[in-house]
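*Asks:* Before I ask anything, let me first share the structure, which is written out below as structure tokens.
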Amino acid sequence: PAPRPPHAGRAESIRAAWSATRRGGRTTVVGIGGKEERVAFSALELFYSARTLSGCVYGNCDPAKELPVLAGQVVSGALDLGALVTDRIGLDEIPEAFARMAGGVGGRALVVF
């Protein structure tokens with residue numbers, strides 16, 4: 001099979017981040033890996049390193065409190081969401097966008113209709 005592009009949620013990326021974390025440090029996984037992705041740690045490594053591994057969904061924010069703040073920043077021009085969009089697609093391109101996402105390609109697609 002062809003080599004897969006780097007991805008924050010992939011097991012090898014998580015493992016590399018964990019390995020680079022200092023003793024007592026924290027690794028936060030922000031990408032979503034596939035359900036088949038597995039990361040292995042030995043029990044001794046977990047004990048000895050005293051590191052913390054955690055996941056992060058939506059930046060661990062309180063949407064009711066923080067989304068209005070973000071919306072205000074977008075309206076004022078302080079936050080440019082356009083810079084985060086990697087693809088603009090039509091409704092008919094949604095299946096292809098999901099296929100690219102499953103393959104670890106692309107970032108944030110904006111559906112324009």
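Order determines the names: the first chain of the structure tokens is A, the second B, and so forth; residues in each chain are numbered 1 upward, and ligands are numbered 1 upward as they are shown.
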Just list the residues in stretch 25-80 of chain A DSSP gives strand (DSSP E or B) on the backbone, as a list of chain:residue names.

*Replies:*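 Assigned to strand (DSSP E or B), within stretch 25-80 of chain A: A:Arg26, A:Thr27, A:Thr28, A:Val29, A:Thr52, A:Leu53, A:Ser54, A:Gly55.
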
*Asks:* Residues near A:Leu91, anyone? I mean within 10 Å using only C-alpha atoms, not counting same-chain ones fewer than 5 positions away, as an MDAnalysis selection string.

*Replies:* chainID A and resid 110:113

*Asks:* Could the residues in this selection be saved with N, CA and C atoms as a compact mmCIF listing (two decimals), in the first residue's frame?

*Replies:*
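Everything below was put into selection_38.txt:
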```txt
# COMPACT_ATOMS: atom_id res chain seq x y z
N LEU A 110 -15.19 23.49 3.24
CA LEU A 110 -16.37 24.34 3.38
C LEU A 110 -17.31 23.98 2.24
N VAL A 111 -18.53 23.58 2.59
CA VAL A 111 -19.51 23.24 1.57
C VAL A 111 -20.23 24.51 1.16
N VAL A 112 -20.11 24.83 -0.12
CA VAL A 112 -20.72 26.05 -0.68
C VAL A 112 -21.86 25.63 -1.59
N PHE A 113 -23.07 26.16 -1.35
CA PHE A 113 -24.21 25.81 -2.20
C PHE A 113 -25.11 27.01 -2.37
```

*Asks:* From the options A:Ile32, A:Leu67, A:Ile14, A:Ile89, which residue's atoms come nearest to A:Leu53, counting only C-alpha atoms?

*Replies:* A:Ile14

*Asks:* Could you check which of A:Val105, A:Ala8, A:Leu79, A:Leu70 is closest to A:Cys56, using only C-alpha atoms?

*Replies:* A:Ala8

*Asks:* Applying 10 Å and only C-alpha atoms, which residues near A:Gly104 remain after dropping the ones on its own chain fewer than 2 positions away? List them as a PyMOL selection string.

*Replies:* chain A and resi 4-10+32-34+98-102+106-107

*Asks:* Give me, as a compact mmCIF listing (two decimals) with all heavy atoms, in the first residue's frame, all polymer residues having an atom no more than 10 Å from A:Ala50, counting only C-alpha atoms and skipping those fewer than 3 positions away in the same chain.

*Replies:*
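Result file out.txt:
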```txt
# COMPACT_ATOMS: atom_id res chain seq x y z
N ARG A 22 8.45 15.02 27.91
CA ARG A 22 9.36 14.84 29.05
C ARG A 22 8.66 14.10 30.19
O ARG A 22 7.45 14.02 30.27
CB ARG A 22 9.86 16.19 29.54
CG ARG A 22 8.77 17.02 30.19
CD ARG A 22 9.31 18.25 30.88
NE ARG A 22 8.24 19.11 31.34
CZ ARG A 22 7.53 18.90 32.44
NH1 ARG A 22 7.75 17.84 33.18
NH2 ARG A 22 6.57 19.73 32.79
N ARG A 23 9.46 13.57 31.07
CA ARG A 23 8.94 12.90 32.28
C ARG A 23 8.07 13.89 33.03
O ARG A 23 8.44 15.02 33.27
CB ARG A 23 10.10 12.43 33.14
CG ARG A 23 9.67 11.72 34.40
CD ARG A 23 10.89 11.09 35.10
NE ARG A 23 10.68 10.78 36.49
CZ ARG A 23 9.87 9.84 36.96
NH1 ARG A 23 9.20 9.09 36.12
NH2 ARG A 23 9.73 9.62 38.24
N GLY A 24 6.88 13.46 33.39
CA GLY A 24 5.94 14.31 34.10
C GLY A 24 5.14 15.24 33.20
O GLY A 24 4.28 15.97 33.68
N GLY A 25 5.42 15.22 31.89
CA GLY A 25 4.73 16.12 30.96
C GLY A 25 3.39 15.58 30.51
O GLY A 25 2.92 14.54 30.96
N ARG A 26 2.77 16.33 29.63
CA ARG A 26 1.43 15.98 29.16
C ARG A 26 1.41 15.99 27.63
O ARG A 26 1.91 16.92 27.01
CB ARG A 26 0.41 16.98 29.68
CG ARG A 26 -0.97 16.80 29.11
CD ARG A 26 -1.94 17.89 29.60
NE ARG A 26 -3.24 17.30 29.72
CZ ARG A 26 -3.78 16.85 30.83
NH1 ARG A 26 -3.15 16.98 31.95
NH2 ARG A 26 -4.96 16.29 30.84
N GLU A 45 6.57 1.51 31.27
CA GLU A 45 6.76 2.83 30.67
C GLU A 45 5.73 3.83 31.23
O GLU A 45 6.07 4.96 31.56
CB GLU A 45 6.60 2.73 29.16
CG GLU A 45 6.70 4.05 28.44
CD GLU A 45 6.44 3.92 26.94
OE1 GLU A 45 6.01 2.85 26.47
OE2 GLU A 45 6.69 4.92 26.26
N LEU A 46 4.49 3.40 31.34
CA LEU A 46 3.46 4.29 31.88
C LEU A 46 3.79 4.69 33.32
O LEU A 46 3.65 5.86 33.70
CB LEU A 46 2.09 3.62 31.82
CG LEU A 46 1.49 3.49 30.43
CD1 LEU A 46 0.22 2.67 30.49
CD2 LEU A 46 1.22 4.85 29.83
N PHE A 47 4.21 3.73 34.11
CA PHE A 47 4.54 4.01 35.50
C PHE A 47 5.76 4.92 35.61
O PHE A 47 5.74 5.93 36.29
CB PHE A 47 4.79 2.70 36.25
CG PHE A 47 5.36 2.90 37.62
CD1 PHE A 47 4.54 3.28 38.67
CD2 PHE A 47 6.71 2.73 37.85
CE1 PHE A 47 5.07 3.48 39.94
CE2 PHE A 47 7.25 2.93 39.11
CZ PHE A 47 6.42 3.30 40.16
N LEU A 53 -1.47 11.32 29.09
CA LEU A 53 -1.95 11.30 27.71
C LEU A 53 -3.44 11.56 27.75
O LEU A 53 -4.18 10.89 28.48
CB LEU A 53 -1.66 9.94 27.06
CG LEU A 53 -2.16 9.75 25.63
CD1 LEU A 53 -1.43 10.68 24.67
CD2 LEU A 53 -1.97 8.30 25.20
```

*Asks:* Could you please determine the separation between atom CA of A:Trp18 and atom CA of A:Thr52 in Å, to one decimal place?

*Replies:* 8.8 Å

*Asks:* Name the closest residue to A:Arg38 among the candidates A:Tyr58, A:Arg51, A:Lys65, A:Arg15; distances are taken between atoms, counting only C-alpha atoms.

*Replies:*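 Ranking A:Tyr58, A:Arg51, A:Lys65, A:Arg15 by distance to A:Arg38, first place goes to A:Arg15.
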
*Asks:* List the spatial neighbours of A:Leu84 as a list in words - criterion: any atom at most 10 Å away, only C-alpha atoms, same-chain residues fewer than 2 positions off excluded.

*Replies:*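 Non-adjacent residues within range: Asp80, Leu81, Gly82, Thr86, Asp87, Gly107, Arg108, Ala109 and Leu110 of chain A.
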
*Asks:* Could you pull out the residues in stretch 62-107 of chain A that DSSP calls helix (DSSP H, G or I) from the backbone, as an MDAnalysis selection string?

*Replies:* chainID A and resid 63:76 81:84 91:102

*Asks:* Measuring atom to atom with only C-alpha atoms, identify which of A:Val85, A:Ala40, A:Val29, A:Ala78 is nearest to A:Ser54.

*Replies:*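 Of A:Val85, A:Ala40, A:Val29, A:Ala78, the one nearest A:Ser54 is A:Val29, counting only C-alpha atoms.
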
*Asks:* Distance atom CA of A:Ser19-atom CA of A:Lys35, one decimal place?

*Replies:* 21.7 Å
